Amino acid sequence: MKRYGRFPHWIRVAAGLSERETVVVNVEAGEPLPARAGFAGIIVSGSAAFVTDHADWSERSADWLRAAAHDGMPLLGICYGHQLLAHALGGEVGYNPAGRESGTIQLELHPPAFEDPLFAGLPAQFPAHATHLQTVMRAPDGATVLARSVQDQCHAFRWGEAAWGVQFHPEFATHHIRGYVNARADCLARHGRCARTVAREVTAAPLARQLLRRFVRHARGVQPAAGKRTADREKR
């Protein structure tokens with residue numbers, strides 16, 4: 001996977017952002033969380049960590065995200081970021097009873113998604129890429145669950161007017177998810193799945209990928225101002 005880069009690069013490319021439009025903060029490595037002034041929005045990336053470990057850097061990030069959400073800052077949490085945002089807002093995160101979800105999965109939208117700023121206009125079902133062991137067991141109070149899969153009942157939620165979490169990876173192309181499937185082959189086997197079969201079933205997921213550019217447009221529309229940047233956080 002290293003030859004493909006890291007989360008911030010994949011997210012930036014899929015979101016259609018240039019390097020000068022983004023600031024990457026690696027909180028796990030000890031980098032300080034920035035002041036929010038001047039940013040149009042925040043994207044919280046995936047991570048190999050677990051929200052339930054309650055690491056100091058993760059809890060600091062949760063506190064920061066909670067304040068940002070209550071202030072109406074546009075937020076998008078991806079995978080770990082989705083779970084961290086749910087935790088920050090009072091939801092519950094834990095190991096998925098259905099086991100590891102990995103590969104190209106089918107998202108099923110709930111009716112509220114059809115009027116959601118990010119999901120409106122998308123079909124009721126479409127493919128997305130996912131790889132995770134933990135999940136949002138209970139969405140935060142006041143949140144609207146927008147999508148599910150066969151293995152995960154909370155694949156996307158919106159809290160308030162501008163905070164979203166998505167369990168799937170909209171930034172992943174097919175080579176990213178195949179790389180993850182191969183890297184997690186032993187774990188998949190422990191959960192009764194064959195990595196080769198999962199990898200063969202990987203397909204493109206262009207509609208899921210649209211979510212990043214939709215979020216950028218939404219964030220810029222919510223806080224239009226010259227020179228604003230979209231912050232892209234990595235915790236890995």
# chains A, B, ... in the order shown; residues from 1 in each chain; ligands from 1

call {"tool": "residues_around", "arguments": {"residues": "range 71-79 of chain A", "least_positions_apart": "2", "cutoff": "7 Å", "atoms": "only C-alpha atoms", "output": "PyMOL selection string"}}
result
chain A and resi 41-46+67-69+81-83+85+162-169+219

call {"tool": "residues_around", "arguments": {"residues": "Ala62 in chain A", "least_positions_apart": "5", "cutoff": "8 Å", "atoms": "only C-alpha atoms", "output": "PyMOL selection string"}}
result
chain A and resi 84-85+87-88

call {"tool": "residues_around", "arguments": {"residues": "Arg200 in chain A", "least_positions_apart": "5", "cutoff": "10 Å", "atoms": "only C-alpha atoms", "output": "VMD selection string"}}
result
chain A and resid 103 to 104 178 195

call {"tool": "residues_around", "arguments": {"residues": "His132 in chain A", "least_positions_apart": "4", "cutoff": "12 Å", "atoms": "only C-alpha atoms", "output": "MDAnalysis selection string"}}
result
chainID A and resid 46:51 78:83 94:103 105 136 151:152 155 166:169 177 180:181 184 187:188

call {"tool": "atom_distance", "arguments": {"atom1": "CA of Glu59 in chain A", "atom2": "CA of Val93 in chain A"}}
result
13.3 Å
